[in-house]
Amino acid sequence: TQNLGYVKLPYDERIYSKLQVEADVFKISRLHFIDEEPVVLHISYVSKAVLPEIEKHGDNIQSMFSYYAKQGFTDFSSAKSNVSVSLPTSIECSLFGCSPLVPLLVVESDCKEKNENKVLEYRKMIYRSDYFSYVITGE
């Protein structure tokens, strides 16, 4: 995993409302590799209201779940996920080292701490479809 850095997000109504906050949202991006090939981009949107130390640690986070555990959050749940397919932007082509015709699977969801029902993050995960196969089951 390579941390691509974090930035403070300008106001974005959609993301701020999903996090249920009004200020101080940060975007943390990580690129995951398999056999030295970049195959997944994880983008996490988190709030300073829930993670007050995020500015100190944002550049070094490799795993959000490990970071949450260090902050005392250990029981997670997620509401429904939104799955879509897109073609890569020029930035994604550069990050993944792929052509603009490689389809990407985009999964968007939240992550809540079950005990306190706090929204810890809103996340967007972008997968190169030529490296994964998917099984989707219903309940």
# chains A, B, ... in the order shown; residues from 1 in each chain; ligands from 1
>>> residues_around(residues="Leu105 in chain A", least_positions_apart="6", cutoff="8 Å", atoms="only C-alpha atoms", output="list in words")
Val83, Ser84, Val85, Ser86, Ile126, Tyr127, Arg128 and Ser129 of chain A
>>> write_last_selection(atoms="C-alpha atoms", output="compact mmCIF listing (two decimals), in the first residue's frame")
# COMPACT_ATOMS: atom_id res chain seq x y z
CA VAL A 83 -21.41 -0.25 -7.40
CA SER A 84 -20.77 1.20 -10.84
CA VAL A 85 -18.42 0.78 -13.77
CA SER A 86 -16.44 3.59 -15.35
CA ILE A 126 -11.70 1.94 -7.53
CA TYR A 127 -10.66 -1.51 -8.78
CA ARG A 128 -9.04 -2.42 -12.08
CA SER A 129 -11.54 -4.90 -13.48
>>> select_by_dssp(residues="chain A", states="helix (DSSP H, G or I)", output="mmCIF file with C-alpha atoms, in the first residue's frame")
data_model
loop_
_atom_site.group_PDB
_atom_site.id
_atom_site.type_symbol
_atom_site.label_atom_id
_atom_site.label_comp_id
_atom_site.auth_asym_id
_atom_site.auth_seq_id
_atom_site.Cartn_x
_atom_site.Cartn_y
_atom_site.Cartn_z
ATOM 1 C CA GLU A 13 -22.604 18.805 0.092
ATOM 2 C CA ARG A 14 -22.830 15.147 -0.935
ATOM 3 C CA ILE A 15 -19.778 14.003 1.045
ATOM 4 C CA TYR A 16 -20.361 16.249 4.056
ATOM 5 C CA SER A 17 -23.964 15.011 4.332
ATOM 6 C CA LYS A 18 -22.859 11.363 4.126
ATOM 7 C CA LEU A 19 -20.421 12.026 6.984
ATOM 8 C CA ILE A 54 -6.333 13.028 11.540
ATOM 9 C CA GLU A 55 -4.146 15.955 10.457
ATOM 10 C CA LYS A 56 -1.179 14.493 12.336
ATOM 11 C CA HIS A 57 -1.561 11.010 10.865
ATOM 12 C CA GLY A 58 -3.157 11.430 7.419
ATOM 13 C CA ASP A 59 0.064 11.113 5.419
ATOM 14 C CA ASN A 60 1.059 7.845 7.100
ATOM 15 C CA MET A 64 -8.127 2.885 7.754
ATOM 16 C CA PHE A 65 -9.337 -0.083 9.836
ATOM 17 C CA SER A 66 -5.985 -0.280 11.648
ATOM 18 C CA TYR A 67 -6.121 3.464 12.225
ATOM 19 C CA TYR A 68 -9.676 3.229 13.585
ATOM 20 C CA ALA A 69 -8.620 0.461 15.981
ATOM 21 C CA LYS A 70 -5.808 2.685 17.299
ATOM 22 C CA SER A 90 -6.168 10.419 -17.214
ATOM 23 C CA ILE A 91 -5.058 10.525 -13.558
ATOM 24 C CA GLU A 92 -6.354 6.996 -12.941
ATOM 25 C CA CYS A 93 -4.627 5.770 -16.129
ATOM 26 C CA SER A 94 -1.408 7.213 -14.795
ATOM 27 C CA LEU A 95 -1.847 5.723 -11.304
ATOM 28 C CA PHE A 96 -2.822 2.275 -12.574
ATOM 29 C CA SER A 129 -11.540 -4.899 -13.475
ATOM 30 C CA ASP A 130 -8.868 -6.884 -15.323
ATOM 31 C CA TYR A 131 -7.327 -8.021 -11.991
#
>>> residues_around(residues="Val50 in chain A", least_positions_apart="3", cutoff="10 Å", atoms="only C-alpha atoms", output="ChimeraX atom specification")
/A:19,21,25,46-47,53-54,71,118-121
>>> atom_distance(atom1="CA of Asp24 in chain A", atom2="CA of Pro88 in chain A")
28.4 Å
>>> closest_residue(among="A:Thr1, A:Gln62, A:Asn82, A:Ser44", to="Phe26 in chain A", atoms="only C-alpha atoms")
A:Ser44
>>> select_by_dssp(residues="chain A", states="strand (DSSP E or B)", output="PDB file with C-alpha atoms, in the first residue's frame")
ATOM      1  CA  GLN A   2       1.249   3.465  -0.878  1.00  0.00           C
ATOM      2  CA  ASN A   3      -0.267   6.469   0.880  1.00  0.00           C
ATOM      3  CA  LEU A   4      -0.791   9.148  -1.780  1.00  0.00           C
ATOM      4  CA  GLY A   5      -1.399  11.816   0.842  1.00  0.00           C
ATOM      5  CA  TYR A   6      -4.308  13.653   2.317  1.00  0.00           C
ATOM      6  CA  VAL A   7      -5.919  17.010   1.676  1.00  0.00           C
ATOM      7  CA  LYS A   8      -8.592  19.069   3.368  1.00  0.00           C
ATOM      8  CA  VAL A  25     -13.383  16.832   6.062  1.00  0.00           C
ATOM      9  CA  PHE A  26     -10.185  15.244   4.787  1.00  0.00           C
ATOM     10  CA  LYS A  27      -9.584  13.041   1.758  1.00  0.00           C
ATOM     11  CA  ILE A  28      -6.987  10.285   2.244  1.00  0.00           C
ATOM     12  CA  SER A  29      -5.900   8.310  -0.817  1.00  0.00           C
ATOM     13  CA  ARG A  30      -4.067   4.994  -0.858  1.00  0.00           C
ATOM     14  CA  LEU A  31      -2.939   2.903  -3.810  1.00  0.00           C
ATOM     15  CA  HIS A  32      -2.821  -0.871  -3.275  1.00  0.00           C
ATOM     16  CA  PHE A  33      -0.527  -3.191  -5.205  1.00  0.00           C
ATOM     17  CA  ILE A  34      -0.575  -6.898  -6.049  1.00  0.00           C
ATOM     18  CA  GLU A  37       1.047  -3.823  -9.937  1.00  0.00           C
ATOM     19  CA  PRO A  38      -1.235  -0.956  -8.812  1.00  0.00           C
ATOM     20  CA  VAL A  39      -4.740  -2.419  -8.821  1.00  0.00           C
ATOM     21  CA  VAL A  40      -6.938  -0.619  -6.246  1.00  0.00           C
ATOM     22  CA  LEU A  41      -7.300   3.027  -5.313  1.00  0.00           C
ATOM     23  CA  HIS A  42      -8.963   3.611  -1.928  1.00  0.00           C
ATOM     24  CA  ILE A  43     -10.207   7.116  -1.234  1.00  0.00           C
ATOM     25  CA  SER A  44     -11.469   7.775   2.288  1.00  0.00           C
ATOM     26  CA  TYR A  45     -13.326  10.888   3.360  1.00  0.00           C
ATOM     27  CA  VAL A  46     -13.105  11.394   7.116  1.00  0.00           C
ATOM     28  CA  SER A  47     -14.110  14.092   9.573  1.00  0.00           C
ATOM     29  CA  PHE A  76     -17.788  -1.655  12.133  1.00  0.00           C
ATOM     30  CA  SER A  77     -20.802  -1.815   9.871  1.00  0.00           C
ATOM     31  CA  ASN A  82     -23.225   1.628  -4.616  1.00  0.00           C
ATOM     32  CA  VAL A  83     -21.413  -0.251  -7.395  1.00  0.00           C
ATOM     33  CA  SER A  84     -20.768   1.201 -10.835  1.00  0.00           C
ATOM     34  CA  VAL A  85     -18.420   0.779 -13.774  1.00  0.00           C
ATOM     35  CA  SER A  86     -16.439   3.595 -15.346  1.00  0.00           C
ATOM     36  CA  LEU A 104     -12.883   0.189 -13.494  1.00  0.00           C
ATOM     37  CA  LEU A 105     -15.260  -1.092 -10.851  1.00  0.00           C
ATOM     38  CA  VAL A 106     -16.207   1.703  -8.441  1.00  0.00           C
ATOM     39  CA  VAL A 107     -17.622   0.802  -5.030  1.00  0.00           C
ATOM     40  CA  GLU A 108     -18.890   3.578  -2.765  1.00  0.00           C
ATOM     41  CA  SER A 109     -20.048   3.021   0.813  1.00  0.00           C
ATOM     42  CA  ASP A 110     -19.853   4.335   4.321  1.00  0.00           C
ATOM     43  CA  CYS A 111     -18.259   2.847   7.409  1.00  0.00           C
ATOM     44  CA  LYS A 112     -19.956   3.237  10.782  1.00  0.00           C
ATOM     45  CA  GLU A 113     -18.837   2.393  14.271  1.00  0.00           C
ATOM     46  CA  LYS A 118     -20.832   7.191  14.305  1.00  0.00           C
ATOM     47  CA  VAL A 119     -20.024   7.577  10.618  1.00  0.00           C
ATOM     48  CA  LEU A 120     -16.262   7.062  10.480  1.00  0.00           C
ATOM     49  CA  GLU A 121     -15.811   7.466   6.757  1.00  0.00           C
ATOM     50  CA  TYR A 122     -17.342   7.660   3.359  1.00  0.00           C
ATOM     51  CA  ARG A 123     -15.193   5.684   0.947  1.00  0.00           C
ATOM     52  CA  LYS A 124     -14.715   5.197  -2.731  1.00  0.00           C
ATOM     53  CA  MET A 125     -12.757   2.163  -3.902  1.00  0.00           C
ATOM     54  CA  ILE A 126     -11.696   1.937  -7.533  1.00  0.00           C
ATOM     55  CA  TYR A 127     -10.658  -1.508  -8.781  1.00  0.00           C
ATOM     56  CA  ARG A 128      -9.041  -2.422 -12.084  1.00  0.00           C
TER      57      ARG A 128
END
>>> decode(residues="range 115-129 of chain A", atoms="all heavy atoms", output="PDB file, in the first residue's frame")
ATOM      1  N   ASN A 115     -21.157   0.532  17.832  1.00  0.00           N
ATOM      2  CA  ASN A 115     -21.539   0.818  19.215  1.00  0.00           C
ATOM      3  C   ASN A 115     -22.069   2.226  19.402  1.00  0.00           C
ATOM      4  O   ASN A 115     -23.029   2.444  20.130  1.00  0.00           O
ATOM      5  CB  ASN A 115     -20.362   0.580  20.157  1.00  0.00           C
ATOM      6  CG  ASN A 115     -19.934  -0.877  20.159  1.00  0.00           C
ATOM      7  OD1 ASN A 115     -20.765  -1.760  20.065  1.00  0.00           O
ATOM      8  ND2 ASN A 115     -18.645  -1.123  20.240  1.00  0.00           N
ATOM      9  N   GLU A 116     -21.438   3.202  18.758  1.00  0.00           N
ATOM     10  CA  GLU A 116     -21.864   4.597  18.915  1.00  0.00           C
ATOM     11  C   GLU A 116     -22.632   5.112  17.700  1.00  0.00           C
ATOM     12  O   GLU A 116     -23.044   6.257  17.665  1.00  0.00           O
ATOM     13  CB  GLU A 116     -20.637   5.474  19.172  1.00  0.00           C
ATOM     14  CG  GLU A 116     -19.893   5.117  20.446  1.00  0.00           C
ATOM     15  CD  GLU A 116     -18.663   5.975  20.654  1.00  0.00           C
ATOM     16  OE1 GLU A 116     -18.716   7.181  20.324  1.00  0.00           O
ATOM     17  OE2 GLU A 116     -17.667   5.444  21.139  1.00  0.00           O
ATOM     18  N   ASN A 117     -22.753   4.266  16.669  1.00  0.00           N
ATOM     19  CA  ASN A 117     -23.418   4.632  15.421  1.00  0.00           C
ATOM     20  C   ASN A 117     -22.834   5.907  14.816  1.00  0.00           C
ATOM     21  O   ASN A 117     -23.565   6.750  14.307  1.00  0.00           O
ATOM     22  CB  ASN A 117     -24.929   4.751  15.620  1.00  0.00           C
ATOM     23  CG  ASN A 117     -25.680   4.661  14.302  1.00  0.00           C
ATOM     24  OD1 ASN A 117     -25.208   4.021  13.353  1.00  0.00           O
ATOM     25  ND2 ASN A 117     -26.814   5.308  14.225  1.00  0.00           N
ATOM     26  N   LYS A 118     -21.519   6.050  14.905  1.00  0.00           N
ATOM     27  CA  LYS A 118     -20.832   7.191  14.305  1.00  0.00           C
ATOM     28  C   LYS A 118     -20.388   6.834  12.894  1.00  0.00           C
ATOM     29  O   LYS A 118     -19.877   5.743  12.647  1.00  0.00           O
ATOM     30  CB  LYS A 118     -19.569   7.542  15.099  1.00  0.00           C
ATOM     31  CG  LYS A 118     -19.801   8.269  16.365  1.00  0.00           C
ATOM     32  CD  LYS A 118     -18.470   8.694  16.963  1.00  0.00           C
ATOM     33  CE  LYS A 118     -18.712   9.419  18.267  1.00  0.00           C
ATOM     34  NZ  LYS A 118     -17.477   9.888  18.859  1.00  0.00           N
ATOM     35  N   VAL A 119     -20.551   7.770  11.965  1.00  0.00           N
ATOM     36  CA  VAL A 119     -20.024   7.577  10.618  1.00  0.00           C
ATOM     37  C   VAL A 119     -18.537   7.892  10.673  1.00  0.00           C
ATOM     38  O   VAL A 119     -18.139   9.027  10.939  1.00  0.00           O
ATOM     39  CB  VAL A 119     -20.738   8.480   9.593  1.00  0.00           C
ATOM     40  CG1 VAL A 119     -20.133   8.278   8.215  1.00  0.00           C
ATOM     41  CG2 VAL A 119     -22.233   8.202   9.572  1.00  0.00           C
ATOM     42  N   LEU A 120     -17.714   6.883  10.455  1.00  0.00           N
ATOM     43  CA  LEU A 120     -16.262   7.062  10.480  1.00  0.00           C
ATOM     44  C   LEU A 120     -15.733   7.554   9.144  1.00  0.00           C
ATOM     45  O   LEU A 120     -14.797   8.350   9.103  1.00  0.00           O
ATOM     46  CB  LEU A 120     -15.566   5.747  10.846  1.00  0.00           C
ATOM     47  CG  LEU A 120     -15.888   5.172  12.218  1.00  0.00           C
ATOM     48  CD1 LEU A 120     -15.217   3.828  12.392  1.00  0.00           C
ATOM     49  CD2 LEU A 120     -15.464   6.138  13.309  1.00  0.00           C
ATOM     50  N   GLU A 121     -16.308   7.060   8.072  1.00  0.00           N
ATOM     51  CA  GLU A 121     -15.811   7.466   6.757  1.00  0.00           C
ATOM     52  C   GLU A 121     -16.853   7.221   5.688  1.00  0.00           C
ATOM     53  O   GLU A 121     -17.751   6.405   5.838  1.00  0.00           O
ATOM     54  CB  GLU A 121     -14.516   6.735   6.403  1.00  0.00           C
ATOM     55  CG  GLU A 121     -14.681   5.403   5.727  1.00  0.00           C
ATOM     56  CD  GLU A 121     -13.376   4.716   5.372  1.00  0.00           C
ATOM     57  OE1 GLU A 121     -12.715   5.135   4.395  1.00  0.00           O
ATOM     58  OE2 GLU A 121     -13.023   3.765   6.075  1.00  0.00           O
ATOM     59  N   TYR A 122     -16.678   7.950   4.620  1.00  0.00           N
ATOM     60  CA  TYR A 122     -17.342   7.660   3.359  1.00  0.00           C
ATOM     61  C   TYR A 122     -16.210   7.282   2.431  1.00  0.00           C
ATOM     62  O   TYR A 122     -15.194   7.972   2.380  1.00  0.00           O
ATOM     63  CB  TYR A 122     -18.113   8.877   2.838  1.00  0.00           C
ATOM     64  CG  TYR A 122     -18.755   8.595   1.514  1.00  0.00           C
ATOM     65  CD1 TYR A 122     -19.853   7.728   1.427  1.00  0.00           C
ATOM     66  CD2 TYR A 122     -18.259   9.145   0.353  1.00  0.00           C
ATOM     67  CE1 TYR A 122     -20.430   7.447   0.213  1.00  0.00           C
ATOM     68  CE2 TYR A 122     -18.842   8.860  -0.871  1.00  0.00           C
ATOM     69  CZ  TYR A 122     -19.920   8.008  -0.942  1.00  0.00           C
ATOM     70  OH  TYR A 122     -20.488   7.709  -2.150  1.00  0.00           O
ATOM     71  N   ARG A 123     -16.321   6.156   1.734  1.00  0.00           N
ATOM     72  CA  ARG A 123     -15.193   5.684   0.947  1.00  0.00           C
ATOM     73  C   ARG A 123     -15.581   5.360  -0.481  1.00  0.00           C
ATOM     74  O   ARG A 123     -16.716   4.987  -0.779  1.00  0.00           O
ATOM     75  CB  ARG A 123     -14.557   4.473   1.613  1.00  0.00           C
ATOM     76  CG  ARG A 123     -15.490   3.321   1.782  1.00  0.00           C
ATOM     77  CD  ARG A 123     -14.840   2.180   2.545  1.00  0.00           C
ATOM     78  NE  ARG A 123     -15.885   1.246   2.922  1.00  0.00           N
ATOM     79  CZ  ARG A 123     -15.966   0.653   4.076  1.00  0.00           C
ATOM     80  NH1 ARG A 123     -15.056   0.873   4.985  1.00  0.00           N
ATOM     81  NH2 ARG A 123     -16.934  -0.182   4.336  1.00  0.00           N
ATOM     82  N   LYS A 124     -14.587   5.521  -1.318  1.00  0.00           N
ATOM     83  CA  LYS A 124     -14.715   5.197  -2.731  1.00  0.00           C
ATOM     84  C   LYS A 124     -13.527   4.310  -3.074  1.00  0.00           C
ATOM     85  O   LYS A 124     -12.377   4.708  -2.868  1.00  0.00           O
ATOM     86  CB  LYS A 124     -14.697   6.485  -3.562  1.00  0.00           C
ATOM     87  CG  LYS A 124     -14.864   6.279  -5.041  1.00  0.00           C
ATOM     88  CD  LYS A 124     -14.913   7.645  -5.736  1.00  0.00           C
ATOM     89  CE  LYS A 124     -15.106   7.508  -7.216  1.00  0.00           C
ATOM     90  NZ  LYS A 124     -15.168   8.846  -7.865  1.00  0.00           N
ATOM     91  N   MET A 125     -13.807   3.106  -3.544  1.00  0.00           N
ATOM     92  CA  MET A 125     -12.757   2.163  -3.902  1.00  0.00           C
ATOM     93  C   MET A 125     -12.841   1.905  -5.399  1.00  0.00           C
ATOM     94  O   MET A 125     -13.921   1.576  -5.916  1.00  0.00           O
ATOM     95  CB  MET A 125     -12.910   0.874  -3.104  1.00  0.00           C
ATOM     96  CG  MET A 125     -12.754   1.120  -1.603  1.00  0.00           C
ATOM     97  SD  MET A 125     -13.547  -0.125  -0.576  1.00  0.00           S
ATOM     98  CE  MET A 125     -15.270   0.237  -0.843  1.00  0.00           C
ATOM     99  N   ILE A 126     -11.735   2.083  -6.078  1.00  0.00           N
ATOM    100  CA  ILE A 126     -11.696   1.937  -7.533  1.00  0.00           C
ATOM    101  C   ILE A 126     -10.785   0.755  -7.862  1.00  0.00           C
ATOM    102  O   ILE A 126      -9.591   0.778  -7.563  1.00  0.00           O
ATOM    103  CB  ILE A 126     -11.188   3.230  -8.200  1.00  0.00           C
ATOM    104  CG1 ILE A 126     -12.064   4.413  -7.772  1.00  0.00           C
ATOM    105  CG2 ILE A 126     -11.162   3.070  -9.712  1.00  0.00           C
ATOM    106  CD1 ILE A 126     -11.515   5.769  -8.160  1.00  0.00           C
ATOM    107  N   TYR A 127     -11.365  -0.268  -8.473  1.00  0.00           N
ATOM    108  CA  TYR A 127     -10.658  -1.508  -8.781  1.00  0.00           C
ATOM    109  C   TYR A 127     -10.451  -1.641 -10.284  1.00  0.00           C
ATOM    110  O   TYR A 127     -11.397  -1.422 -11.054  1.00  0.00           O
ATOM    111  CB  TYR A 127     -11.478  -2.718  -8.326  1.00  0.00           C
ATOM    112  CG  TYR A 127     -11.743  -2.793  -6.849  1.00  0.00           C
ATOM    113  CD1 TYR A 127     -12.826  -2.125  -6.283  1.00  0.00           C
ATOM    114  CD2 TYR A 127     -10.920  -3.547  -6.023  1.00  0.00           C
ATOM    115  CE1 TYR A 127     -13.075  -2.220  -4.923  1.00  0.00           C
ATOM    116  CE2 TYR A 127     -11.169  -3.639  -4.660  1.00  0.00           C
ATOM    117  CZ  TYR A 127     -12.243  -2.970  -4.120  1.00  0.00           C
ATOM    118  OH  TYR A 127     -12.494  -3.056  -2.777  1.00  0.00           O
ATOM    119  N   ARG A 128      -9.259  -2.049 -10.684  1.00  0.00           N
ATOM    120  CA  ARG A 128      -9.041  -2.422 -12.084  1.00  0.00           C
ATOM    121  C   ARG A 128      -9.782  -3.720 -12.328  1.00  0.00           C
ATOM    122  O   ARG A 128      -9.538  -4.718 -11.671  1.00  0.00           O
ATOM    123  CB  ARG A 128      -7.557  -2.629 -12.363  1.00  0.00           C
ATOM    124  CG  ARG A 128      -6.822  -1.352 -12.627  1.00  0.00           C
ATOM    125  CD  ARG A 128      -5.423  -1.603 -13.094  1.00  0.00           C
ATOM    126  NE  ARG A 128      -5.378  -2.355 -14.346  1.00  0.00           N
ATOM    127  CZ  ARG A 128      -4.285  -2.495 -15.076  1.00  0.00           C
ATOM    128  NH1 ARG A 128      -3.152  -1.948 -14.682  1.00  0.00           N
ATOM    129  NH2 ARG A 128      -4.301  -3.198 -16.192  1.00  0.00           N
ATOM    130  N   SER A 129     -10.711  -3.716 -13.265  1.00  0.00           N
ATOM    131  CA  SER A 129     -11.540  -4.899 -13.475  1.00  0.00           C
ATOM    132  C   SER A 129     -10.779  -6.058 -14.105  1.00  0.00           C
ATOM    133  O   SER A 129     -11.224  -7.200 -14.021  1.00  0.00           O
ATOM    134  CB  SER A 129     -12.746  -4.550 -14.344  1.00  0.00           C
ATOM    135  OG  SER A 129     -12.307  -4.189 -15.644  1.00  0.00           O
TER     136      SER A 129
END
